[in-house]
>>> print(open('entry-v6.tsv').read())   # TSV, C-alpha atoms
chain	number	residue	atom	x	y	z
A	1333	MET	CA	64.76	147.72	-138.88
A	1334	ASP	CA	61.35	149.14	-139.81
A	1335	THR	CA	58.98	148.60	-136.90
A	1336	ARG	CA	55.70	149.25	-138.78
A	1337	VAL	CA	53.24	146.35	-138.64
A	1338	PRO	CA	49.63	145.73	-139.61
A	1339	TYR	CA	47.32	148.27	-138.07
A	1340	VAL	CA	44.83	145.64	-136.86
A	1341	LEU	CA	47.46	143.83	-134.77
A	1342	GLY	CA	48.57	147.14	-133.36
A	1343	LEU	CA	45.06	147.94	-132.21
A	1344	LEU	CA	44.73	144.47	-130.70
A	1345	MET	CA	47.90	144.89	-128.68
A	1346	LEU	CA	46.99	148.39	-127.58
A	1347	ALA	CA	43.60	147.17	-126.38
A	1348	LEU	CA	45.40	144.38	-124.52
A	1349	VAL	CA	47.53	146.78	-122.54
A	1350	ALA	CA	44.71	149.21	-121.87
A	1351	SER	CA	42.55	146.45	-120.38
A	1352	ASP	CA	45.32	145.15	-118.06
A	1353	ALA	CA	45.16	141.84	-119.93
A	1354	ALA	CA	48.93	141.57	-119.54
A	1355	LEU	CA	48.26	140.24	-116.03
A	1356	ALA	CA	46.23	137.31	-117.39
A	1357	PRO	CA	49.14	134.80	-117.38
A	1358	GLU	CA	49.78	135.47	-113.68
A	1359	VAL	CA	46.09	135.10	-112.91
A	1360	TYR	CA	46.05	131.78	-114.78
A	1361	TRP	CA	49.08	130.55	-112.81
A	1362	ASN	CA	47.35	131.34	-109.52
A	1363	SER	CA	44.12	129.64	-110.58
A	1364	VAL	CA	45.78	126.40	-111.74
A	1365	LEU	CA	48.76	126.31	-109.34
A	1366	PRO	CA	47.63	128.21	-106.22
A	1367	ASN	CA	50.18	126.43	-104.00
A	1368	THR	CA	53.14	126.65	-106.37
A	1369	PRO	CA	55.46	129.66	-105.96
A	1370	MET	CA	56.40	131.33	-109.22
A	1371	PRO	CA	60.18	131.35	-109.81
A	1372	LYS	CA	61.91	134.68	-110.39
A	1373	THR	CA	62.74	133.67	-113.97
A	1374	ILE	CA	59.05	133.58	-114.86
A	1375	LYS	CA	58.19	136.69	-112.83
A	1376	ASP	CA	60.81	138.61	-114.78
A	1377	LEU	CA	59.14	137.58	-118.03
A	1378	LEU	CA	55.82	138.94	-116.79
A	1379	HIS	CA	56.97	142.12	-115.05
A	1380	PRO	CA	60.12	143.36	-116.79
A	1381	ASP	CA	61.90	146.46	-115.55
A	1382	MET	CA	60.85	148.36	-118.64
A	1383	LEU	CA	57.14	147.57	-118.37
A	1384	GLU	CA	55.38	150.89	-118.16
A	1385	GLU	CA	51.83	152.13	-118.46
A	1386	LYS	CA	51.56	155.81	-119.26
A	1387	GLY	CA	48.34	156.81	-120.93
A	1388	THR	CA	48.19	154.96	-124.21
A	1389	SER	CA	51.87	153.95	-124.31
A	1390	ALA	CA	53.34	150.76	-122.92
A	1391	ALA	CA	56.18	148.32	-123.48
A	1392	VAL	CA	55.13	144.69	-123.31
A	1393	GLY	CA	58.28	142.90	-122.28
A	1394	LYS	CA	61.79	144.10	-121.62
A	1395	GLY	CA	62.64	144.85	-125.21
A	1396	GLY	CA	60.71	141.82	-126.42
A	1397	VAL	CA	57.60	143.03	-128.20
A	1398	ASN	CA	56.97	146.73	-127.86
A	1399	VAL	CA	53.55	148.33	-128.14
A	1400	THR	CA	53.54	152.07	-128.61
A	1401	ALA	CA	50.61	154.31	-129.40
A	1402	GLY	CA	51.34	156.66	-132.26
A	1403	LYS	CA	51.19	159.86	-130.24
A	1404	GLY	CA	53.17	162.40	-132.17
A	1405	LYS	CA	53.44	160.21	-135.27
A	1406	PRO	CA	52.19	161.62	-138.57
A	1407	ASP	CA	49.50	158.97	-138.91
A	1408	GLY	CA	48.80	158.50	-135.19
A	1409	GLY	CA	49.10	154.76	-135.70
A	1410	THR	CA	50.21	151.97	-133.37
A	1411	ASN	CA	53.39	149.95	-133.78
A	1412	VAL	CA	54.45	146.51	-132.61
A	1413	GLY	CA	58.15	145.98	-133.07
A	1414	VAL	CA	60.88	143.46	-132.39
A	1415	GLY	CA	62.83	145.24	-129.69
A	1416	LYS	CA	66.30	144.73	-128.32
A	1417	GLY	CA	66.38	141.28	-126.83
A	1418	GLY	CA	63.46	140.03	-128.89
A	1419	VAL	CA	65.36	138.19	-131.57
A	1420	SER	CA	68.79	138.10	-130.01
A	1421	VAL	CA	71.76	138.21	-132.36
A	1422	LYS	CA	75.01	137.23	-130.70
A	1423	ALA	CA	78.06	138.34	-132.64
A	1424	GLY	CA	81.55	136.94	-132.26
A	1425	PRO	CA	84.78	138.93	-132.35
A	1426	LYS	CA	84.78	142.03	-134.52
A	1427	GLY	CA	84.90	141.09	-138.18
A	1428	SER	CA	83.87	137.46	-137.65
A	1429	PRO	CA	80.70	136.05	-139.24
A	1430	VAL	CA	77.54	135.60	-137.19
A	1431	HIS	CA	76.05	132.09	-137.15
A	1432	VAL	CA	72.66	130.79	-136.07
A	1433	GLY	CA	73.54	127.99	-133.68
A	1434	VAL	CA	71.81	124.79	-132.64
A	1435	ASP	CA	70.32	124.73	-129.15
A	1436	PRO	CA	72.58	122.43	-127.06
A	1437	PHE	CA	69.48	121.15	-125.21
A	1438	ILE	CA	67.96	119.62	-128.34
A	1439	TYR	CA	69.50	116.17	-128.41
A	1440	ASN	CA	68.95	114.92	-131.95
A	1441	TYR	CA	71.35	117.45	-133.46
A	1442	ALA	CA	75.08	117.13	-134.05
A	1443	ALA	CA	77.19	119.93	-132.61
A	1444	SER	CA	78.44	122.51	-135.07
A	1445	GLU	CA	82.08	123.55	-135.16
A	1446	ASP	CA	81.09	126.90	-133.65
A	1447	GLN	CA	79.29	125.18	-130.78
A	1448	ILE	CA	82.29	123.06	-129.91
A	1449	HIS	CA	84.28	126.24	-129.35
A	1450	ASP	CA	81.48	128.09	-127.53
A	1451	LYS	CA	82.88	128.03	-124.01
A	1452	PRO	CA	79.66	128.96	-122.12
A	1453	ASN	CA	77.72	126.06	-123.71
A	1454	VAL	CA	80.60	123.60	-123.51
A	1455	ALA	CA	81.01	124.27	-119.79
A	1456	LEU	CA	77.39	123.36	-119.01
A	1457	PHE	CA	77.89	119.61	-119.54
A	1458	PHE	CA	79.48	117.24	-117.02
A	1459	LEU	CA	79.21	113.67	-115.73
A	1460	GLU	CA	76.95	112.77	-112.82
A	1461	LYS	CA	79.86	111.28	-110.88
A	1462	ASP	CA	81.37	114.78	-110.75
A	1463	MET	CA	78.35	116.34	-109.06
A	1464	LYS	CA	79.66	116.33	-105.50
A	1465	PRO	CA	80.72	118.93	-102.93
A	1466	GLY	CA	84.23	120.20	-103.51
A	1467	LYS	CA	84.20	119.63	-107.27
A	1468	SER	CA	85.20	122.74	-109.26
A	1469	MET	CA	84.11	123.69	-112.78
A	1470	ASN	CA	84.59	126.69	-115.03
A	1471	LEU	CA	81.12	128.10	-115.68
A	1472	ASP	CA	79.60	131.22	-117.21
A	1473	PHE	CA	76.50	132.72	-115.61
A	1474	SER	CA	76.42	135.90	-117.68
A	1475	GLU	CA	73.14	137.74	-118.03
A	1476	SER	CA	71.20	136.43	-121.01
A	1477	SER	CA	70.66	138.70	-123.99
A	1478	ASN	CA	67.38	136.88	-124.64
A	1479	THR	CA	65.00	139.16	-122.74
A	1480	ALA	CA	61.85	138.58	-124.79
A	1481	THR	CA	58.81	138.36	-122.52
A	1482	PHE	CA	55.53	136.43	-122.47
A	1483	LEU	CA	52.48	137.43	-124.43
A	1484	PRO	CA	49.06	136.45	-123.06
A	1485	ARG	CA	47.88	133.23	-124.69
A	1486	HIS	CA	45.05	134.76	-126.72
A	1487	VAL	CA	47.53	137.20	-128.29
A	1488	ALA	CA	50.27	134.59	-128.89
A	1489	ASP	CA	47.70	132.23	-130.45
A	1490	SER	CA	46.67	134.95	-132.90
A	1491	ILE	CA	50.23	135.28	-134.29
A	1492	PRO	CA	51.32	132.73	-136.94
A	1493	PHE	CA	53.82	130.19	-135.59
A	1494	SER	CA	54.47	127.55	-138.23
A	1495	SER	CA	56.90	127.03	-141.09
A	1496	ASN	CA	54.13	127.30	-143.67
A	1497	LYS	CA	53.21	130.75	-142.35
A	1498	LEU	CA	56.71	132.15	-141.93
A	1499	GLN	CA	56.10	135.08	-144.23
A	1500	ASP	CA	53.05	136.07	-142.17
A	1501	ALA	CA	55.16	135.89	-138.99
A	1502	PHE	CA	57.85	138.06	-140.58
A	1503	ARG	CA	55.26	140.66	-141.53
A	1504	GLU	CA	53.79	140.73	-138.03
A	1505	PHE	CA	57.17	141.75	-136.62
A	1506	SER	CA	58.47	143.72	-139.62
A	1507	VAL	CA	61.32	141.25	-140.09
A	1508	LYS	CA	62.94	141.29	-143.52
A	1509	PRO	CA	62.95	137.86	-145.22
A	1510	GLY	CA	66.51	136.65	-145.69
A	1511	SER	CA	67.84	138.67	-142.75
A	1512	LEU	CA	69.62	137.14	-139.79
A	1513	GLU	CA	66.57	137.83	-137.63
A	1514	ALA	CA	64.42	135.93	-140.11
A	1515	GLU	CA	66.85	133.00	-140.08
A	1516	ILE	CA	66.72	132.87	-136.28
A	1517	MET	CA	62.91	132.90	-136.24
A	1518	GLU	CA	62.76	130.19	-138.91
A	1519	ASN	CA	65.29	128.06	-137.04
A	1520	THR	CA	63.25	128.25	-133.82
A	1521	ILE	CA	60.01	127.27	-135.57
A	1522	LYS	CA	61.63	124.35	-137.39
A	1523	GLU	CA	63.17	123.04	-134.16
A	1524	CYS	CA	59.71	123.19	-132.60
A	1525	GLU	CA	58.16	121.27	-135.48
A	1526	ASN	CA	60.81	118.56	-135.78
A	1527	PRO	CA	60.00	115.24	-134.04
A	1528	GLY	CA	61.61	114.56	-130.69
A	1529	ILE	CA	63.98	111.70	-129.93
A	1530	GLU	CA	62.70	108.29	-128.85
A	1531	GLY	CA	61.04	108.48	-125.43
A	1532	GLU	CA	60.74	112.27	-125.51
A	1533	GLU	CA	57.46	114.17	-125.48
A	1534	LYS	CA	58.11	117.70	-126.71
A	1535	TYR	CA	56.08	120.86	-127.04
A	1536	CYS	CA	56.88	124.49	-127.79
A	1537	ALA	CA	54.98	126.75	-125.43
A	1538	THR	CA	54.28	130.16	-126.92
A	1539	SER	CA	52.72	131.47	-123.70
A	1540	LEU	CA	52.99	130.86	-119.97
A	1541	GLU	CA	49.48	129.43	-119.96
A	1542	SER	CA	50.39	126.80	-122.55
A	1543	MET	CA	53.56	125.92	-120.63
A	1544	ILE	CA	51.46	125.37	-117.50
A	1545	ASP	CA	49.01	123.19	-119.41
A	1546	PHE	CA	51.72	120.99	-120.91
A	1547	SER	CA	53.54	120.56	-117.59
A	1548	THR	CA	50.39	119.70	-115.63
A	1549	SER	CA	49.28	117.26	-118.35
A	1550	LYS	CA	52.50	115.30	-117.76
A	1551	LEU	CA	52.98	115.72	-114.00
A	1552	GLY	CA	49.63	116.68	-112.50
A	1553	LYS	CA	48.91	119.87	-110.58
A	1554	ASN	CA	50.86	119.07	-107.42
A	1555	ILE	CA	54.09	120.35	-108.92
A	1556	ARG	CA	56.84	122.89	-108.42
A	1557	ALA	CA	58.74	125.08	-110.86
A	1558	ILE	CA	62.38	125.92	-110.24
A	1559	SER	CA	65.15	127.70	-112.10
A	1560	THR	CA	68.77	128.69	-111.62
A	1561	GLU	CA	69.24	131.79	-109.47
A	1562	VAL	CA	72.43	133.85	-109.69
A	1563	GLU	CA	73.37	136.36	-107.00
A	1564	LYS	CA	74.83	138.63	-109.67
A	1565	PRO	CA	75.66	138.09	-113.34
A	1566	THR	CA	79.27	137.04	-113.79
A	1567	GLY	CA	81.50	136.04	-116.63
A	1568	ARG	CA	83.31	132.76	-116.94
A	1569	GLN	CA	85.08	131.76	-113.72
A	1570	LYS	CA	85.70	128.80	-111.46
A	1571	TYR	CA	82.78	127.62	-109.34
A	1572	THR	CA	82.97	125.06	-106.57
A	1573	ILE	CA	80.01	122.86	-105.66
A	1574	ALA	CA	79.08	123.58	-102.04
A	1575	GLY	CA	75.98	121.38	-101.81
A	1576	VAL	CA	73.86	118.95	-103.83
A	1577	LYS	CA	70.25	117.89	-103.30
A	1578	LYS	CA	68.40	115.43	-105.52
A	1579	ILE	CA	64.83	116.41	-106.28
A	1580	ALA	CA	62.36	113.59	-105.66
A	1581	GLY	CA	61.22	111.56	-108.63
A	1582	ASP	CA	62.75	110.68	-111.98
A	1583	LYS	CA	60.16	112.43	-114.11
A	1584	SER	CA	60.27	116.10	-114.97
A	1585	VAL	CA	59.40	118.64	-117.63
A	1586	VAL	CA	62.29	120.87	-118.66
A	1587	CYS	CA	61.58	124.07	-120.59
A	1588	HIS	CA	64.35	125.86	-122.48
A	1589	LYS	CA	63.89	129.46	-123.64
A	1590	GLN	CA	64.22	129.92	-127.38
A	1591	ASN	CA	65.31	132.88	-129.46
A	1592	TYR	CA	62.16	134.59	-130.72
A	1593	PRO	CA	60.50	138.04	-130.62
A	1594	TYR	CA	58.36	136.97	-127.65
A	1595	ALA	CA	58.94	134.25	-125.04
A	1596	VAL	CA	58.81	130.75	-126.52
A	1597	PHE	CA	59.93	127.71	-124.51
A	1598	TYR	CA	60.96	124.33	-125.90
A	1599	CYS	CA	59.56	121.93	-123.27
A	1600	HIS	CA	60.20	118.21	-123.15
A	1601	SER	CA	59.34	115.37	-120.85
A	1602	THR	CA	61.20	112.09	-120.49
A	1603	GLN	CA	61.21	109.29	-117.94
A	1604	SER	CA	65.00	109.13	-117.78
A	1605	THR	CA	66.04	112.32	-116.03
A	1606	ARG	CA	67.24	113.13	-112.52
A	1607	PRO	CA	66.92	116.77	-111.46
A	1608	TYR	CA	69.18	118.26	-108.79
A	1609	ARG	CA	69.47	121.54	-106.92
A	1610	THR	CA	73.04	122.62	-106.27
A	1611	ARG	CA	74.78	125.42	-104.42
A	1612	LEU	CA	77.80	126.87	-106.18
A	1613	MET	CA	80.40	129.32	-104.91
A	1614	GLY	CA	82.30	131.40	-107.45
A	1615	ALA	CA	85.97	132.33	-107.18
A	1616	ASP	CA	84.88	135.95	-106.66
A	1617	GLY	CA	82.39	134.96	-103.92
A	1618	THR	CA	79.29	134.92	-106.14
A	1619	ARG	CA	76.68	132.42	-104.92
A	1620	VAL	CA	74.53	130.49	-107.38
A	1621	LYS	CA	71.57	128.19	-106.75
A	1622	ALA	CA	71.90	126.13	-109.91
A	1623	VAL	CA	69.48	123.56	-111.27
A	1624	ALA	CA	71.14	120.54	-112.89
A	1625	ILE	CA	69.53	117.84	-115.00
A	1626	CYS	CA	71.10	114.38	-115.40
A	1627	HIS	CA	69.99	112.22	-118.33
A	1628	THR	CA	70.28	108.55	-117.41
A	1629	ASN	CA	69.54	107.21	-120.90
A	1630	THR	CA	71.23	109.01	-123.80
A	1631	SER	CA	71.12	106.09	-126.25
A	1632	ALA	CA	68.74	107.97	-128.61
A	1633	TRP	CA	70.85	111.15	-128.72
A	1634	ASN	CA	72.82	112.11	-131.80
A	1635	PRO	CA	76.29	110.49	-131.41
A	1636	LYS	CA	77.85	113.83	-132.37
A	1637	HIS	CA	75.89	115.86	-129.82
A	1638	LEU	CA	77.93	118.50	-128.02
A	1639	ALA	CA	77.86	116.61	-124.70
A	1640	PHE	CA	79.54	113.51	-126.13
A	1641	GLN	CA	82.23	115.53	-127.86
A	1642	VAL	CA	82.99	117.56	-124.75
A	1643	LEU	CA	82.92	114.65	-122.30
A	1644	ALA	CA	84.48	112.03	-124.62
A	1645	VAL	CA	81.76	109.45	-123.88
A	1646	LYS	CA	79.40	107.49	-126.12
A	1647	PRO	CA	75.57	107.51	-126.18
A	1648	GLY	CA	73.91	105.30	-123.58
A	1649	THR	CA	77.05	104.58	-121.55
A	1650	VAL	CA	76.95	106.98	-118.57
A	1651	PRO	CA	74.51	109.61	-117.22
A	1652	VAL	CA	75.16	113.01	-118.80
A	1653	CYS	CA	74.34	116.14	-116.82
A	1654	HIS	CA	74.12	119.85	-117.51
A	1655	PHE	CA	73.39	123.00	-115.57
A	1656	LEU	CA	70.51	125.14	-116.74
A	1657	PRO	CA	70.91	128.82	-117.61
A	1658	GLN	CA	68.90	131.31	-115.58
A	1659	ASN	CA	66.04	131.68	-118.05
A	1660	HIS	CA	65.13	127.99	-118.26
A	1661	VAL	CA	62.55	126.24	-116.04
A	1662	VAL	CA	62.22	122.74	-114.56
A	1663	TRP	CA	58.87	121.35	-113.45
A	1664	THR	CA	58.82	118.40	-111.05
A	1665	PRO	CA	56.30	116.64	-108.79
A	1666	LYS	CA	56.36	117.89	-105.20
>>> encode(input="entry-v6.tsv", output="structure tokens")
Amino acid sequence: MDTRVPYVLGLLMLALVASDAALAPEVYWNSVLPNTPMPKTIKDLLHPDMLEEKGTSAAVGKGGVNVTAGKGKPDGGTNVGVGKGGVSVKAGPKGSPVHVGVDPFIYNYAASEDQIHDKPNVALFFLEKDMKPGKSMNLDFSESSNTATFLPRHVADSIPFSSNKLQDAFREFSVKPGSLEAEIMENTIKECENPGIEGEEKYCATSLESMIDFSTSKLGKNIRAISTEVEKPTGRQKYTIAGVKKIAGDKSVVCHKQNYPYAVFYCHSTQSTRPYRTRLMGADGTRVKAVAICHTNTSAWNPKHLAFQVLAVKPGTVPVCHFLPQNHVVWTPK
């Protein structure tokens, strides 16, 4: 994929790195939430392993959006490109088609045939009555291929993010219209623009700062942010629940990471959720501190949502729960 982009945006991003503005999201967190520890999931999106500053070259995000000065290039220009892990394309078995799937955490969609057979997603859903010590489930805590990192808000806000400016967004990241990457970007934007289900307040945060603002607007500033922590990435195996702790309150904001060149989170707030912290022990000894969300009112969900098909229950009958992958975040009152 050609990684050339408009020269002006390149200069903007280069100036951003040179001025240490990449630290701005962390500074904002500390100013708004001085008593709230930042979960590792968010830290990793601010300080990826591949973040480097060497003269005029830097990588903003672990393969998410790369900024590279044109040292040694014929025109000496600056490039911003969609790197590995920016728009993540997950292929099936060799020779099989690649499909753009529906996020299983968006509840007004029916499950696709591919989703029903996607074992990692299927395994996430369970009934609240089964969340008890000693209960075993087959789960997959593999490392996510979606490693796109946060951009500071003033940079994210300068990049088009709407369906009527899709072509501008494609040009910013040198994405070819009609390509799979373009389809993934378009799908994410459309999901963000679609209305939420009844009783749901939704918002797509294109920066950490905007995620903080949405969460505090719903819960206040005396809040905590938690995410699933895995001792080591593992494939699908049996996990046994070793402990369960309900988090106080029935109101939360849950933010799910989307597939996009930089970090975008689909956040939603409802009054009918119960968050839990669980301790899981894998068959190979791997320990996981997993966050689980139980939805006590699913009457507005699509009757063909993945959860209902997996659990063989109907909307609005029983609480439906799911574990959260490592790169999702739950905000709750303290």
>>> residues_near_point(input="entry-v6.tsv", point="(72.5, 118.2, -126.2)", cutoff="7 Å", atoms="only C-alpha atoms", output="count of residues only")
7
>>> atom_distance(input="entry-v6.tsv", atom1="CA of Pro1369 (chain A)", atom2="CA of Arg1619 (chain A)")
21.4 Å
>>> closest_atom_pairs(input="entry-v6.tsv", of="region 1454-1541 of chain A", to="region 1581-1590 of chain A", cutoff="10 Å", atoms="all atoms listed in the file", output="CSV")
residue,atom,partner,partner_atom,distance
A:Asn1478,CA,A:Gln1590,CA,8.1
A:Thr1479,CA,A:Lys1589,CA,9.8
A:Ala1480,CA,A:Gln1590,CA,9.3
A:Ile1516,CA,A:Gln1590,CA,9.7
A:Met1517,CA,A:Gln1590,CA,9.4
A:Asn1519,CA,A:Gln1590,CA,9.9
A:Thr1520,CA,A:Gln1590,CA,6.7
A:Ile1521,CA,A:Gln1590,CA,9.6
A:Glu1523,CA,A:Gln1590,CA,9.7
A:Cys1524,CA,A:Gln1590,CA,9.6
A:Glu1533,CA,A:Val1585,CA,9.2
A:Lys1534,CA,A:Val1585,CA,9.2
A:Tyr1535,CA,A:Cys1587,CA,9.1
A:Cys1536,CA,A:Cys1587,CA,8.6
A:Ala1537,CA,A:Cys1587,CA,8.6
A:Thr1538,CA,A:Gln1590,CA,10.0
>>> atom_distance(input="entry-v6.tsv", atom1="CA of Tyr1594 (chain A)", atom2="CA of Leu1377 (chain A)")
9.7 Å
>>> residues_around(input="entry-v6.tsv", residues="Ser1549 (chain A)", least_positions_apart="2", cutoff="12 Å", atoms="only C-alpha atoms", output="list of chain:residue names")
A:Val1364, A:Glu1533, A:Tyr1535, A:Ser1542, A:Met1543, A:Ile1544, A:Asp1545, A:Phe1546, A:Ser1547, A:Leu1551, A:Gly1552, A:Lys1553, A:Asn1554, A:Ile1555, A:Ser1584, A:Val1585, A:His1600, A:Ser1601, A:Trp1663, A:Pro1665
>>> closest_residue(input="entry-v6.tsv", among="A:Thr1605, A:Thr1572, A:Thr1618, A:Ser1559", to="Met1469 (chain A)", atoms="only C-alpha atoms")
A:Thr1572
>>> atom_distance(input="entry-v6.tsv", atom1="CA of Ile1558 (chain A)", atom2="CA of His1627 (chain A)")
17.6 Å
>>> build_atoms(input="entry-v6.tsv", residues="region 1604-1613 of chain A", atoms="all heavy atoms", output="short mmCIF file (atom, residue, chain, number, x, y, z; two decimals), in the coordinates of the input")
data_model
loop_
_atom_site.label_atom_id
_atom_site.label_comp_id
_atom_site.auth_asym_id
_atom_site.auth_seq_id
_atom_site.Cartn_x
_atom_site.Cartn_y
_atom_site.Cartn_z
N SER A 1604 63.62 109.49 -118.13
CA SER A 1604 65.00 109.13 -117.78
C SER A 1604 65.84 110.34 -117.39
O SER A 1604 66.93 110.54 -117.89
CB SER A 1604 65.66 108.39 -118.94
OG SER A 1604 65.61 109.18 -120.11
N THR A 1605 65.29 111.17 -116.51
CA THR A 1605 66.04 112.32 -116.03
C THR A 1605 66.06 112.35 -114.51
O THR A 1605 65.12 111.87 -113.86
CB THR A 1605 65.42 113.64 -116.53
OG1 THR A 1605 64.05 113.70 -116.12
CG2 THR A 1605 65.52 113.77 -118.03
N ARG A 1606 67.14 112.91 -113.97
CA ARG A 1606 67.24 113.13 -112.52
C ARG A 1606 67.57 114.60 -112.30
O ARG A 1606 68.67 115.05 -112.65
CB ARG A 1606 68.32 112.24 -111.91
CG ARG A 1606 67.89 110.81 -111.68
CD ARG A 1606 68.83 110.08 -110.72
NE ARG A 1606 70.11 109.74 -111.34
CZ ARG A 1606 70.38 108.54 -111.85
NH1 ARG A 1606 69.46 107.59 -111.84
NH2 ARG A 1606 71.56 108.30 -112.38
N PRO A 1607 66.63 115.36 -111.73
CA PRO A 1607 66.92 116.77 -111.46
C PRO A 1607 67.58 116.96 -110.10
O PRO A 1607 67.29 116.24 -109.14
CB PRO A 1607 65.53 117.42 -111.49
CG PRO A 1607 64.58 116.32 -111.14
CD PRO A 1607 65.21 115.03 -111.54
N TYR A 1608 68.47 117.94 -110.02
CA TYR A 1608 69.18 118.26 -108.79
C TYR A 1608 69.14 119.77 -108.55
O TYR A 1608 69.08 120.56 -109.50
CB TYR A 1608 70.65 117.85 -108.87
CG TYR A 1608 70.91 116.36 -108.87
CD1 TYR A 1608 70.89 115.64 -110.06
CD2 TYR A 1608 71.23 115.68 -107.69
CE1 TYR A 1608 71.16 114.27 -110.08
CE2 TYR A 1608 71.50 114.33 -107.71
CZ TYR A 1608 71.46 113.62 -108.89
OH TYR A 1608 71.73 112.27 -108.91
N ARG A 1609 69.23 120.14 -107.29
CA ARG A 1609 69.47 121.54 -106.92
C ARG A 1609 70.88 121.59 -106.32
O ARG A 1609 71.22 120.78 -105.45
CB ARG A 1609 68.44 122.05 -105.92
CG ARG A 1609 67.03 121.97 -106.42
CD ARG A 1609 66.03 122.56 -105.44
NE ARG A 1609 65.89 123.99 -105.65
CZ ARG A 1609 64.82 124.70 -105.29
NH1 ARG A 1609 63.80 124.09 -104.71
NH2 ARG A 1609 64.75 125.98 -105.50
N THR A 1610 71.67 122.53 -106.77
CA THR A 1610 73.04 122.62 -106.27
C THR A 1610 73.32 124.04 -105.78
O THR A 1610 72.69 125.01 -106.22
CB THR A 1610 74.06 122.27 -107.38
OG1 THR A 1610 74.02 123.28 -108.39
CG2 THR A 1610 73.75 120.92 -108.00
N ARG A 1611 74.27 124.12 -104.87
CA ARG A 1611 74.78 125.42 -104.42
C ARG A 1611 76.22 125.55 -104.90
O ARG A 1611 77.05 124.69 -104.65
CB ARG A 1611 74.72 125.54 -102.89
CG ARG A 1611 73.30 125.65 -102.34
CD ARG A 1611 73.26 125.84 -100.83
NE ARG A 1611 73.74 124.66 -100.11
CZ ARG A 1611 74.88 124.58 -99.45
NH1 ARG A 1611 75.72 125.63 -99.44
NH2 ARG A 1611 75.23 123.47 -98.82
N LEU A 1612 76.47 126.63 -105.63
CA LEU A 1612 77.80 126.87 -106.18
C LEU A 1612 78.39 128.14 -105.58
O LEU A 1612 77.67 129.11 -105.32
CB LEU A 1612 77.73 127.02 -107.70
CG LEU A 1612 77.02 125.92 -108.50
CD1 LEU A 1612 77.01 126.28 -109.99
CD2 LEU A 1612 77.69 124.58 -108.29
N MET A 1613 79.70 128.14 -105.40
CA MET A 1613 80.40 129.32 -104.91
C MET A 1613 81.46 129.71 -105.94
O MET A 1613 82.34 128.91 -106.27
CB MET A 1613 81.06 129.05 -103.56
CG MET A 1613 81.83 130.24 -102.99
SD MET A 1613 80.76 131.65 -102.57
CE MET A 1613 79.95 131.01 -101.10
#
